[in-house]
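K.L.:
Handing you a structure now.
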Amino acid sequence: MPDLYAVADFCLIPMGTGNSSVAEEIAECQRVLEKSGLKYKMHGYGTNLEGPWSQVSQAIHDCHAALHAKGTPRIATDIRIGTRTDRELVPGEGNDEKVRRVREILARDQK
């Protein structure tokens, strides 16, 4: 069976850094995601990430590894992953398509 295309949202939570800000750690994770070649988009409480399931999970793993290598002693990550087989997803447009569809529905309310 081919690798499933995954549309994910994850929130990585560094702990034990002695600092209430996690901006440095999140910036490092964004650097890791840039190198992954996957489509991603940071938002206020996490990151949308999409691509083949194995690459998505590897990228999240690599974020953990990079932060541990920089001295973060603990990391918790909340992950939601969606897949679908009822229709073909355009790679790199999974999250955008979800948002576009809802906006279309809301636009009908304006008419």
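Ligands are numbered from 1 in the order shown, chains are lettered A, B, ... in the order of the structure tokens, and residues start at 1 in each chain.
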Would you list the contacts of stretch 12-24 of chain A as a PyMOL selection string, taking every protein, DNA or RNA residue within 10 Å and counting only C-alpha atoms, but skipping same-chain residues closer than 3 positions in sequence?

P.N.:
chain A and resi 27-30+45-47+60+63-64+67-68+71-79

K.L.:
Would you list the contacts of A:Gln55 as a PyMOL selection string, taking every protein, DNA or RNA residue within 12 Å and counting only C-alpha atoms, but skipping same-chain residues closer than 6 positions in sequence?

P.N.:
chain A and resi 3-8+33+35-39+49+61-62

K.L.:
May I ask for the distance between atom CA of A:Thr83 and atom CA of A:Arg100, given in Å to one decimal place?

P.N.:
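If I compute the distance from atom CA of A:Thr83 to atom CA of A:Arg100, I get 17.7 Å.
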
K.L.:
Would you please extract all helix (DSSP H, G or I) residues from stretch 7-62 of chain A, as assigned by DSSP on the backbone, and give them as number ranges by chain?

P.N.:
A: 23-36, 53-62

K.L.:
Nearest to A:Asp96: which of A:Ile26, A:Glu50, A:Arg108, A:Pro2 is it, counting only C-alpha atoms?

P.N.:
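Looking at the shortest contact to A:Asp96, the residue is A:Glu50.
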